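Next comes work_20.txt, a file with compact mmCIF, C-alpha atoms.
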```txt
# COMPACT_ATOMS: atom_id res chain seq x y z
CA MET A 1 38.87 -19.38 23.39
CA THR A 2 35.53 -20.68 24.59
CA HIS A 3 34.01 -23.86 23.34
CA GLU A 4 31.53 -24.44 26.11
CA ALA A 5 28.56 -24.74 23.76
CA MET A 6 30.35 -26.75 21.12
CA THR A 7 30.14 -30.46 21.37
CA ALA A 8 33.69 -31.59 22.00
CA PRO A 9 34.83 -34.54 19.96
CA ALA A 10 34.61 -37.87 21.73
CA ALA A 11 37.95 -39.62 21.93
CA VAL A 12 38.47 -41.96 19.01
CA PRO A 13 40.15 -45.17 20.21
CA ASP A 14 43.52 -45.29 18.46
CA PRO A 15 42.79 -42.46 16.02
CA MET A 16 45.69 -43.32 13.71
CA THR A 17 44.41 -46.82 12.99
CA VAL A 18 42.92 -47.13 9.53
CA HIS A 19 39.95 -49.50 9.29
CA PRO A 20 39.34 -51.16 5.94
CA VAL A 21 35.76 -50.85 4.68
CA SER A 22 34.15 -51.71 1.38
CA ILE A 23 32.09 -49.44 -0.81
CA ARG A 24 28.45 -50.41 -0.83
CA ARG A 25 27.25 -47.87 -3.40
CA VAL A 26 28.43 -44.85 -5.40
CA VAL A 27 25.94 -42.13 -6.33
CA TRP A 28 26.99 -39.29 -8.61
CA GLU A 29 25.22 -36.16 -7.38
CA THR A 30 26.62 -33.85 -10.11
CA ASP A 31 29.28 -34.03 -12.83
CA ASP A 32 32.08 -33.68 -10.29
CA THR A 33 30.53 -34.59 -6.95
CA PHE A 34 29.62 -38.06 -5.74
CA THR A 35 28.51 -39.81 -2.57
CA LEU A 36 30.25 -42.95 -1.33
CA PHE A 37 28.14 -45.23 0.85
CA LEU A 38 30.37 -47.44 2.97
CA ASP A 39 29.68 -50.87 4.36
CA LEU A 40 30.46 -50.85 8.07
CA ASP A 41 30.05 -54.55 8.79
CA ARG A 42 33.79 -55.19 9.10
CA LEU A 43 34.42 -52.51 11.70
CA PRO A 44 35.45 -53.84 15.11
CA ARG A 45 32.81 -51.73 16.89
CA PRO A 46 29.65 -49.78 15.93
CA PHE A 47 30.52 -46.50 14.22
CA GLN A 48 29.00 -43.51 15.96
CA PHE A 49 29.33 -39.89 14.90
CA ARG A 50 27.64 -36.54 15.33
CA ALA A 51 26.42 -34.14 12.67
CA GLY A 52 29.29 -32.02 11.40
CA GLN A 53 32.12 -34.44 12.08
CA PHE A 54 34.47 -35.78 9.42
CA ASN A 55 36.48 -38.90 8.62
CA MET A 56 39.87 -39.37 7.02
CA LEU A 57 39.32 -41.51 3.94
CA TYR A 58 42.38 -43.38 2.73
CA VAL A 59 42.83 -44.55 -0.84
CA PHE A 60 45.48 -47.25 -0.52
CA GLY A 61 48.70 -46.20 -2.19
CA VAL A 62 47.44 -42.70 -2.94
CA GLY A 63 46.73 -40.86 0.28
CA GLU A 64 44.15 -39.53 2.73
CA ALA A 65 41.60 -36.74 2.56
CA ALA A 66 39.37 -35.25 5.25
CA ILE A 67 35.77 -35.69 4.17
CA SER A 68 32.64 -34.63 6.08
CA ILE A 69 30.10 -37.28 6.90
CA SER A 70 26.87 -36.60 5.04
CA SER A 71 24.62 -39.43 6.28
CA ASP A 72 22.14 -39.72 9.11
CA PRO A 73 23.88 -40.20 12.49
CA VAL A 74 21.28 -42.69 13.73
CA LYS A 75 21.55 -44.99 10.73
CA SER A 76 24.55 -46.86 11.98
CA HIS A 77 24.61 -49.38 9.14
CA THR A 78 25.28 -46.68 6.54
CA LEU A 79 28.03 -44.13 6.39
CA ALA A 80 27.98 -41.66 3.53
CA HIS A 81 30.53 -39.08 2.38
CA THR A 82 29.75 -36.60 -0.37
CA ILE A 83 32.96 -35.75 -2.18
CA HIS A 84 33.91 -33.03 -4.64
CA ARG A 85 36.46 -34.34 -7.15
CA VAL A 86 39.15 -31.66 -7.04
CA GLY A 87 42.55 -33.23 -6.28
CA THR A 88 44.63 -36.39 -6.28
CA VAL A 89 42.88 -38.25 -3.45
CA THR A 90 39.34 -37.27 -4.35
CA SER A 91 40.01 -38.12 -8.00
CA ALA A 92 41.20 -41.55 -6.88
CA LEU A 93 38.09 -41.93 -4.72
CA ALA A 94 36.02 -41.05 -7.78
CA GLN A 95 37.48 -44.06 -9.64
CA LEU A 96 36.25 -46.55 -7.05
CA ARG A 97 33.29 -48.86 -7.56
CA LYS A 98 30.99 -51.00 -5.47
CA GLY A 99 33.02 -53.61 -3.58
CA ASP A 100 36.31 -51.70 -3.68
CA MET A 101 38.07 -51.17 -0.36
CA ILE A 102 39.22 -47.93 1.26
CA GLY A 103 40.53 -47.09 4.70
CA VAL A 104 38.61 -45.01 7.24
CA ARG A 105 39.65 -43.41 10.50
CA GLY A 106 37.49 -41.17 12.59
CA PRO A 107 35.13 -39.60 13.36
CA PHE A 108 36.96 -36.39 14.17
CA GLY A 109 36.16 -32.84 15.13
CA THR A 110 33.39 -30.87 16.79
CA SER A 111 29.76 -31.18 15.76
CA TRP A 112 26.94 -28.75 15.05
CA PRO A 113 25.33 -27.74 18.36
CA ILE A 114 21.80 -28.65 17.34
CA GLU A 115 20.57 -28.07 20.90
CA GLU A 116 21.30 -24.36 20.43
CA GLY A 117 18.39 -24.27 18.00
CA SER A 118 15.95 -25.99 20.35
CA GLY A 119 12.97 -23.72 21.02
CA LYS A 120 14.21 -21.29 18.38
CA ASP A 121 14.04 -20.81 14.65
CA VAL A 122 16.97 -22.31 12.80
CA CYS A 123 18.41 -20.84 9.63
CA ILE A 124 20.82 -23.07 7.72
CA ILE A 125 22.86 -21.39 5.03
CA ALA A 126 24.84 -23.65 2.72
CA GLY A 127 26.91 -23.04 -0.38
CA GLY A 128 28.01 -25.72 -2.86
CA ILE A 129 29.52 -28.80 -1.21
CA GLY A 130 28.87 -27.06 2.14
CA LEU A 131 25.45 -28.70 2.18
CA ALA A 132 27.09 -32.11 2.76
CA PRO A 133 28.14 -31.59 6.42
CA LEU A 134 24.78 -29.90 7.08
CA ARG A 135 22.67 -32.77 5.75
CA PRO A 136 23.06 -34.77 9.00
CA VAL A 137 21.76 -31.66 10.83
CA MET A 138 18.68 -31.68 8.63
CA TYR A 139 18.08 -35.37 9.37
CA GLU A 140 18.43 -34.78 13.09
CA MET A 141 16.17 -31.74 13.11
CA LEU A 142 13.50 -33.38 10.98
CA ARG A 143 13.42 -36.27 13.44
CA ARG A 144 12.85 -33.80 16.27
CA ARG A 145 10.86 -31.30 14.19
CA GLN A 146 8.57 -30.19 17.03
CA GLU A 147 11.51 -28.95 19.10
CA PHE A 148 12.26 -26.18 16.64
CA GLY A 149 10.36 -23.21 15.36
CA ARG A 150 10.82 -22.31 11.72
CA VAL A 151 13.48 -24.31 9.93
CA ILE A 152 14.89 -22.40 6.98
CA LEU A 153 17.42 -23.73 4.49
CA LEU A 154 19.06 -21.25 2.12
CA TYR A 155 21.19 -23.08 -0.41
CA GLY A 156 23.32 -21.67 -3.20
CA ALA A 157 25.20 -23.49 -5.94
CA ARG A 158 27.04 -22.57 -9.10
CA SER A 159 24.37 -23.78 -11.53
CA PRO A 160 21.25 -25.99 -11.50
CA LEU A 161 23.42 -28.94 -12.50
CA ASP A 162 25.59 -28.41 -9.41
CA LEU A 163 22.77 -28.71 -6.88
CA LEU A 164 23.21 -31.57 -4.40
CA TYR A 165 20.46 -33.81 -3.04
CA ARG A 166 17.75 -32.37 -5.32
CA VAL A 167 15.15 -34.99 -4.40
CA GLU A 168 15.68 -34.46 -0.68
CA LEU A 169 15.57 -30.68 -1.04
CA GLU A 170 12.13 -31.03 -2.54
CA GLN A 171 10.99 -33.51 0.11
CA TRP A 172 12.20 -31.37 3.01
CA GLY A 173 10.17 -28.46 1.68
CA LYS A 174 7.01 -30.43 0.98
CA GLN A 175 6.89 -32.94 3.81
CA HIS A 176 8.57 -31.38 6.79
CA HIS A 177 7.55 -27.72 6.86
CA VAL A 178 11.05 -26.60 6.04
CA GLU A 179 11.41 -23.35 4.12
CA VAL A 180 13.82 -24.44 1.42
CA ILE A 181 15.02 -21.65 -0.86
CA VAL A 182 17.56 -22.51 -3.52
CA THR A 183 19.53 -20.20 -5.77
CA VAL A 184 22.19 -20.62 -8.44
CA ASP A 185 24.85 -18.21 -9.65
CA ARG A 186 24.13 -19.04 -13.28
CA GLY A 187 20.93 -20.35 -14.76
CA ASP A 188 19.63 -21.14 -18.21
CA SER A 189 16.19 -20.69 -19.69
CA SER A 190 15.00 -24.02 -18.27
CA TRP A 191 15.71 -22.92 -14.70
CA LYS A 192 12.72 -21.20 -13.13
CA GLY A 193 14.19 -20.80 -9.66
CA HIS A 194 16.26 -18.01 -8.16
CA ILE A 195 19.43 -16.74 -9.82
CA GLY A 196 21.86 -14.79 -7.68
CA VAL A 197 24.11 -15.28 -4.70
CA VAL A 198 22.87 -17.08 -1.61
CA THR A 199 22.94 -13.90 0.49
CA ALA A 200 20.27 -12.38 -1.80
CA LEU A 201 17.83 -14.99 -0.44
CA PHE A 202 17.71 -13.21 2.92
CA SER A 203 15.39 -10.66 1.35
CA TYR A 204 12.73 -13.39 1.03
CA ILE A 205 12.70 -14.41 4.67
CA LYS A 206 12.07 -12.43 7.80
CA LEU A 207 14.32 -13.52 10.64
CA ASP A 208 13.45 -13.05 14.27
CA ALA A 209 17.07 -12.19 15.07
CA ARG A 210 16.95 -12.80 18.83
CA GLU A 211 15.22 -16.16 18.41
CA THR A 212 17.21 -17.63 15.55
CA ALA A 213 20.29 -19.84 15.46
CA ALA A 214 22.25 -19.91 12.22
CA PHE A 215 24.44 -22.73 10.88
CA VAL A 216 26.68 -21.73 7.97
CA CYS A 217 28.89 -23.82 5.70
CA GLY A 218 30.33 -23.19 2.28
CA PRO A 219 33.29 -21.55 0.55
CA GLU A 220 34.94 -19.07 2.90
CA MET A 221 34.10 -16.05 0.76
CA MET A 222 30.44 -17.07 0.66
CA MET A 223 30.50 -17.46 4.46
CA LYS A 224 32.09 -14.03 4.87
CA TYR A 225 29.26 -12.35 2.96
CA THR A 226 26.71 -14.48 4.79
CA LEU A 227 28.10 -13.47 8.19
CA ASP A 228 27.92 -9.81 7.15
CA GLU A 229 24.30 -10.29 6.15
CA LEU A 230 23.43 -12.03 9.44
CA GLU A 231 25.07 -9.18 11.33
CA ARG A 232 23.10 -6.65 9.28
CA ARG A 233 19.94 -8.48 10.28
CA GLY A 234 20.85 -8.31 13.94
CA LEU A 235 21.66 -11.93 14.72
CA PRO A 236 23.85 -12.02 17.85
CA GLU A 237 27.25 -13.51 17.04
CA ASN A 238 26.95 -16.19 19.69
CA GLN A 239 23.94 -17.64 17.87
CA VAL A 240 25.93 -18.15 14.69
CA PHE A 241 27.94 -21.33 14.01
CA LEU A 242 30.13 -22.13 11.05
CA SER A 243 32.21 -24.98 9.74
CA LEU A 244 35.70 -24.15 8.54
CA GLU A 245 38.07 -26.14 6.42
CA ARG A 246 41.81 -26.25 6.11
CA ASN A 247 44.24 -28.85 4.87
CA MET A 248 44.00 -31.63 7.45
CA LYS A 249 46.53 -34.43 7.77
CA CYS A 250 46.69 -36.06 11.20
CA ALA A 251 43.14 -35.05 12.26
CA ILE A 252 44.12 -35.04 15.93
CA GLY A 253 45.79 -31.65 16.33
CA ILE A 254 49.40 -32.76 16.22
CA CYS A 255 50.80 -32.13 12.75
CA GLY A 256 49.78 -28.47 12.53
CA HIS A 257 48.64 -28.54 8.89
CA CYS A 258 45.23 -27.15 9.76
CA GLN A 259 46.37 -24.62 12.34
CA PHE A 260 44.19 -21.51 12.34
CA GLY A 261 45.69 -19.03 14.78
CA PRO A 262 45.55 -20.75 18.15
CA GLU A 263 43.05 -23.31 16.88
CA PHE A 264 43.39 -26.58 15.04
CA ILE A 265 40.49 -27.00 12.65
CA CYS A 266 40.62 -30.80 12.96
CA LYS A 267 40.46 -30.85 16.76
CA ASP A 268 38.91 -27.55 17.89
CA GLY A 269 36.66 -27.41 14.82
CA PRO A 270 35.57 -27.80 12.12
CA VAL A 271 32.42 -26.35 13.71
CA PHE A 272 33.00 -23.13 15.63
CA ARG A 273 30.87 -20.57 17.35
CA LEU A 274 31.38 -17.33 15.44
CA PRO A 275 32.87 -15.18 18.26
CA ASP A 276 35.63 -17.76 18.70
CA VAL A 277 36.95 -17.30 15.17
CA ARG A 278 35.56 -13.95 14.00
CA ARG A 279 38.76 -12.01 14.48
CA LEU A 280 40.80 -14.74 12.80
CA LEU A 281 38.49 -14.73 9.79
CA GLU A 282 39.09 -11.03 9.33
CA ARG A 283 42.89 -11.42 9.20
CA LYS A 284 44.25 -11.54 5.70
CA GLU A 285 47.14 -13.86 6.51
CA MET A 286 44.73 -16.50 7.89
CA MET B 287 -7.15 -0.48 -9.03
CA LYS B 288 -8.37 2.65 -7.23
CA SER B 289 -5.80 5.18 -6.02
CA GLU B 290 -6.64 4.38 -2.36
CA ASP B 291 -5.96 0.70 -3.05
CA LEU B 292 -2.72 1.58 -4.82
CA ALA B 293 -1.64 3.58 -1.78
CA VAL B 294 -2.25 0.56 0.46
CA VAL B 295 -0.26 -1.72 -1.84
CA LEU B 296 2.58 0.78 -2.16
CA ARG B 297 2.77 1.25 1.60
CA GLN B 298 3.22 -2.50 2.07
CA HIS B 299 6.16 -2.78 -0.32
CA PRO B 300 9.52 -2.98 1.52
CA PHE B 301 11.12 -0.47 -0.86
CA LEU B 302 8.72 2.19 0.39
CA GLY B 303 8.81 1.33 4.10
CA HIS B 304 8.38 4.42 6.35
CA LEU B 305 7.79 6.72 3.38
CA SER B 306 5.78 9.78 4.46
CA GLU B 307 2.09 10.01 3.53
CA LYS B 308 2.87 13.11 1.51
CA HIS B 309 5.45 11.36 -0.62
CA LEU B 310 3.34 8.23 -0.89
CA HIS B 311 0.54 10.40 -2.28
CA VAL B 312 2.96 11.77 -4.89
CA LEU B 313 3.92 8.23 -5.92
CA VAL B 314 0.32 7.10 -6.32
CA GLY B 315 0.02 9.61 -9.15
CA CYS B 316 2.75 7.73 -11.06
CA ALA B 317 1.61 4.18 -10.20
CA ALA B 318 -0.26 1.52 -12.10
CA ASN B 319 -0.99 -2.09 -11.30
CA VAL B 320 0.48 -4.61 -13.76
CA HIS B 321 0.14 -8.35 -14.27
CA VAL B 322 2.52 -10.27 -16.53
CA GLY B 323 1.98 -13.92 -17.38
CA GLU B 324 4.71 -16.55 -17.16
CA GLY B 325 7.06 -16.34 -20.14
CA SER B 326 6.13 -12.77 -21.10
CA CYS B 327 8.53 -9.84 -21.01
CA LEU B 328 8.17 -6.72 -18.87
CA ILE B 329 11.27 -5.13 -20.34
CA GLN B 330 13.11 -5.54 -23.64
CA GLU B 331 16.84 -4.85 -23.90
CA GLY B 332 17.51 -1.66 -25.89
CA GLU B 333 14.01 -0.22 -25.58
CA ILE B 334 13.13 3.03 -23.78
CA ALA B 335 13.30 2.59 -20.01
CA ASN B 336 10.02 3.97 -18.81
CA ALA B 337 9.20 2.39 -15.45
CA LEU B 338 10.32 1.27 -12.04
CA TYR B 339 8.64 -2.01 -11.08
CA LEU B 340 7.91 -2.91 -7.48
CA VAL B 341 7.39 -6.67 -7.49
CA ARG B 342 4.55 -8.00 -5.35
CA THR B 343 4.38 -11.65 -6.40
CA GLY B 344 6.08 -13.95 -8.88
CA ARG B 345 9.63 -14.04 -10.18
CA ILE B 346 11.37 -12.14 -12.96
CA ALA B 347 14.57 -13.25 -14.72
CA LEU B 348 17.00 -10.68 -16.09
CA GLU B 349 18.41 -11.80 -19.40
CA MET B 350 21.19 -10.46 -21.59
CA GLU B 351 21.84 -11.28 -25.21
CA VAL B 352 25.45 -12.48 -25.44
CA PRO B 353 26.48 -13.46 -28.99
CA PRO B 354 27.13 -16.23 -29.82
CA ARG B 355 25.93 -17.76 -26.55
CA GLY B 356 22.44 -16.38 -26.92
CA SER B 357 20.23 -15.24 -24.09
CA LEU B 358 21.78 -15.69 -20.61
CA ARG B 359 19.90 -15.40 -17.34
CA ILE B 360 22.01 -13.43 -14.90
CA GLN B 361 19.71 -12.68 -11.99
CA THR B 362 16.17 -13.02 -10.70
CA VAL B 363 14.09 -10.63 -8.65
CA GLY B 364 11.06 -11.57 -6.62
CA PRO B 365 8.44 -10.36 -4.15
CA GLY B 366 9.48 -7.29 -2.17
CA GLU B 367 12.21 -6.37 -4.63
CA LEU B 368 12.35 -3.83 -7.41
CA LEU B 369 13.26 -3.93 -11.04
CA GLY B 370 14.81 -1.21 -13.19
CA TRP B 371 16.57 2.07 -12.60
CA SER B 372 17.52 2.96 -16.19
CA TRP B 373 14.51 5.31 -16.26
CA MET B 374 16.51 7.77 -14.17
CA ILE B 375 19.79 7.65 -16.10
CA SER B 376 20.12 9.19 -19.56
CA PRO B 377 19.68 7.93 -22.31
CA TYR B 378 16.90 6.00 -20.52
CA ARG B 379 17.28 2.64 -22.26
CA TRP B 380 17.03 -0.85 -20.77
CA HIS B 381 20.28 -2.80 -20.61
CA PHE B 382 18.62 -6.18 -20.21
CA THR B 383 15.44 -8.09 -20.92
CA ALA B 384 13.19 -8.99 -18.00
CA ARG B 385 10.99 -12.05 -18.36
CA ALA B 386 8.42 -13.41 -15.95
CA VAL B 387 9.39 -16.96 -14.98
CA ALA B 388 6.30 -17.19 -12.79
CA ASP B 389 3.15 -15.03 -13.04
CA VAL B 390 4.09 -11.55 -11.86
CA ARG B 391 2.04 -8.91 -10.12
CA ALA B 392 3.80 -5.59 -9.69
CA ILE B 393 3.28 -1.89 -9.36
CA ALA B 394 4.77 0.03 -12.28
CA LEU B 395 5.88 3.57 -11.45
CA ASP B 396 6.08 5.62 -14.62
CA GLY B 397 9.68 6.72 -15.24
CA GLY B 398 8.89 10.09 -16.84
CA CYS B 399 6.42 10.89 -14.08
CA LEU B 400 8.97 9.94 -11.40
CA ARG B 401 11.67 12.13 -12.97
CA GLN B 402 9.31 15.06 -13.08
CA LYS B 403 8.20 14.60 -9.45
CA CYS B 404 11.81 14.23 -8.30
CA SER B 405 12.71 17.42 -10.14
CA GLU B 406 9.75 19.37 -8.70
CA ASP B 407 10.21 18.20 -5.12
CA HIS B 408 13.85 17.62 -4.18
CA ASP B 409 12.97 16.12 -0.79
CA PHE B 410 10.90 13.52 -2.59
CA GLY B 411 13.71 13.06 -5.12
CA TYR B 412 16.25 12.51 -2.33
CA GLU B 413 13.98 9.91 -0.68
CA ILE B 414 13.66 7.93 -3.89
CA LEU B 415 17.33 8.18 -4.85
CA ASP B 416 18.45 7.29 -1.32
CA ARG B 417 16.37 4.12 -1.43
CA LEU B 418 17.46 3.26 -4.96
CA THR B 419 21.12 3.74 -4.06
CA ARG B 420 20.82 1.20 -1.25
CA VAL B 421 19.35 -1.32 -3.65
CA MET B 422 22.06 -0.59 -6.22
CA GLU B 423 24.76 -1.01 -3.56
CA SER B 424 23.43 -4.39 -2.48
CA ARG B 425 23.07 -5.53 -6.12
CA LEU B 426 26.65 -4.41 -6.82
CA GLU B 427 27.90 -6.38 -3.81
CA ALA B 428 25.97 -9.45 -4.93
CA THR B 429 27.37 -9.11 -8.44
CA ARG B 430 30.92 -8.94 -7.08
CA LEU B 431 30.34 -12.14 -5.14
CA GLN B 432 28.84 -13.76 -8.24
CA LEU B 433 31.91 -12.73 -10.26
CA LEU B 434 34.19 -14.43 -7.73
CA ASP B 435 32.67 -17.76 -8.74
CA VAL B 436 33.25 -19.05 -5.21
CA TYR B 437 31.91 -22.52 -5.95
CA GLY B 438 34.33 -22.99 -8.82
CA THR B 439 37.60 -22.45 -6.98
CA VAL B 440 38.12 -25.13 -4.38
CA VAL B 441 41.15 -27.01 -3.17
CA GLU B 442 41.19 -30.49 -1.76
CA VAL B 443 40.71 -30.06 1.96
CA HIS B 444 37.24 -31.20 2.80
CA GLY B 445 34.33 -33.05 1.33
```
Could you write out this file's structure as C-alpha cells?
Amino acid sequence: MTHEAMTAPAAVPDPMTVHPVSIRRVVWETDDTFTLFLDLDRLPRPFQFRAGQFNMLYVFGVGEAAISISSDPVKSHTLAHTIHRVGTVTSALAQLRKGDMIGVRGPFGTSWPIEEGSGKDVCIIAGGIGLAPLRPVMYEMLRRRQEFGRVILLYGARSPLDLLYRVELEQWGKQHHVEVIVTVDRGDSSWKGHIGVVTALFSYIKLDARETAAFVCGPEMMMKYTLDELERRGLPENQVFLSLERNMKCAIGICGHCQFGPEFICKDGPVFRLPDVRRLLERKEM
Amino acid sequence: MKSEDLAVVLRQHPFLGHLSEKHLHVLVGCAANVHVGEGSCLIQEGEIANALYLVRTGRIALEMEVPPRGSLRIQTVGPGELLGWSWMISPYRWHFTARAVADVRAIALDGGCLRQKCSEDHDFGYEILDRLTRVMESRLEATRLQLLDVYGTVVEVHG
C-alpha cells in the first residue's frame, strides 16, 4: 500500500490518556444532528489537528465514539464535533449541556491532502454527515483561496431539514467564489432547490478531469456511486481521496475493530487515496 | 424564434451533442421555444404526453399525487437535461406533474411529430432512442440510489 501523498498522523503523546474537557456550546444542526463545541483551556498542551482527523469522545460511564473534527484547524481555542445521534454513545452525547464534562483523546488518523488540490480545481462531494469532516477542508481552502482554481462543493442530504451548516453553505457560495450545489433526496413544495441524488449534480458542472482533485465523504453506497461517476468523467484514480469509516475502538491500530483488509481505518485512514482501497471497496465481504 | 435560431439552440443542448446536421434539421421541424413562469406547470399528471422538453434554463420539479399525502416532489431537472419520454410509449400519458420552481426556458419537441419522424427515418429514430435510453438508464440508477435511502441507515461509527 502506498500512502506517500497522505499526511501521516502525527504521534499523539500517550494516545490512551483521556483528557477531561467541558462543553462550551451545543448547537443542534438538524433534528438528530448536533455540534459540540469544546473548551480546551484545561488541556495540558495546545490541541493541534489537521482537516479530516478524528477524536475519541468519551461519555463517562457510557463509552467512547470516534467523531470527526468539524472545526477550523487554526482556531485552536475551539474544537467542534458534529455528531449524528444514532447509538448509545452519541445519544448520551446528545443529552449533554453547556458546562458538562466529557473525555477527549486524539487527534487520530490521516488528513485530507489539501496540497494535492493546489494549482488545480477541487471538487468536494459530501453526503449527509459526511460534510462534517470536510468542513475543516473548506475553512483551509477558503483561507488560501488563491492557491486553487475552481472550488466546487456538491452536497446531498436526505431532506431540506437534514442539511448541515446551511448558513455557511450560503456564505461559501456568495462570498468565496465556491460553486455550492445542494440536493436532497426528498423535498416538499417549499423547497426550490435540487431534488435527486448527489451524483445527479455532476451534470451541472463541467470538470477538467486532468486538473481536478476530488475529496469524497458520505455513506459508503453514496461514495460508491460517486466514484463511478468520477471514473465516468475521466478523473484519474490517484486524484481522488475518500474518508472511510468503520467501528473504531482503540484508534491506534491495535484492537483490530476497524480493520479493512490490510489497513486499519483509525491509523492508515480514515482518509485514503482511492487506488489504495479501490479493490477492497469492491469486495462484498469488506 | 426563427428556425435557424432554433437550430443553434438545439445544437448547444447536451442531449443533442454531435447530432448530424441532417438529423438536427429534422428536429427543427418539431421544435418550439417555450417559457414557463415560476409556479406554472409544463405537464399535468394523466394528460396526453405530447412533448419532449430540452431544458435550457431554470428548474422543474416532478410531482406525484400520493393520497393521502398529497403532492410529493420526487426529482428536479435543470439546464442541459430533458424532461418527458411518455410521448413515445403508448398510451402516451404523463405519469407525473412537472412544475417550474424557477423560470424555465426550454425547447419543446412535439411528441407526435417526433414519433412520425422516427417512423419515417429509422436512423434518426435510432439516434433519438439511443440518447433517450442513456438518460433513462442514468435516471433509473439515480432512482435506485434514492430508494436505498443511504442517509437514513447509519450505525454509530463516526461523526
Would you mind reading off the distance between atom CA of Arg425 of chain B and atom CA of Thr212 of chain A, one decimal, in Å?
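So the answer is 25.5 Å.
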Expressed in Å to a single decimal, how great is the separation between atom CA of Leu431 of chain B and atom CA of Gly196 of chain A?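 Atom CA of Leu431 of chain B sits 9.2 Å away from atom CA of Gly196 of chain A.
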Sel. within 10 Å of pt (27.4, -21.4, 11.3), counting all atoms listed in the file, output as a VMD selection string
chain A and resid 112 to 113 123 to 126 134 213 to 218 223 226 to 227 237 to 244 271 to 274
Using only C-alpha atoms, I'd like every residue of chain A that has an atom within 8 Å of chain B; please write them out as JSON, numbers by chain. {"A": [65, 66, 67, 68, 81, 82, 83, 84, 86, 87, 90, 127, 128, 129, 132, 157, 158, 185, 186, 187, 188, 189, 192, 194, 195, 196, 197, 199, 200, 203, 204, 219, 221, 222, 245, 246, 247, 248]}
Could you tell me how far atom CA of Arg50 of chain A sits from atom CA of Gly234 of chain A, in Å to one decimal place?
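Computed distance, atom CA of Gly234 of chain A to atom CA of Arg50 of chain A, equals 29.1 Å.
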Within 9 Å of (8.5, 10.2, -14.1) (file coordinates; only C-alpha atoms), which protein or nucleic acid residues are there? I'd like them as a list of chain:residue names.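 Those residues, ordered by chain and then number, are B:Cys316, B:Asn336, B:Ala337, B:Trp373, B:Met374, B:Leu395, B:Asp396, B:Gly397, B:Gly398, B:Cys399, B:Leu400, B:Arg401, B:Gln402, B:Lys403, B:Cys404.
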- Quick one: everything within 12 Å of Pro15 of chain A, counting only C-alpha atoms, minus sequence neighbours fewer than 2 positions away in the same chain. Send it as a PyMOL selection string. chain A and resi 9-13+17-19+55-56+104-109+250-254+267
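The shell of residues at most 12 Å from Phe148 of chain A, with all atoms listed in the file counted and near chain neighbours (fewer than 5 positions) removed, consists of Ile114, Glu115, Glu116, Gly117, Ser118, Gly119, Lys120, Asp121, Val122, Cys123, Met138, Glu140, Met141, Leu142, Arg143, His176, His177, Val178, Glu211, Thr212 and Ala213 of chain A.
Considering the residues B:Leu292, B:Asp409, B:Glu351, B:Leu418 and counting all atoms listed in the file, Gly370 of chain B has its shortest atom-to-atom contact with B:Leu418.
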Among B:Ser326, B:Ser405, B:Asn319, B:Ser289, Arg385 of chain B is approached most closely, using only C-alpha atoms, by B:Ser326
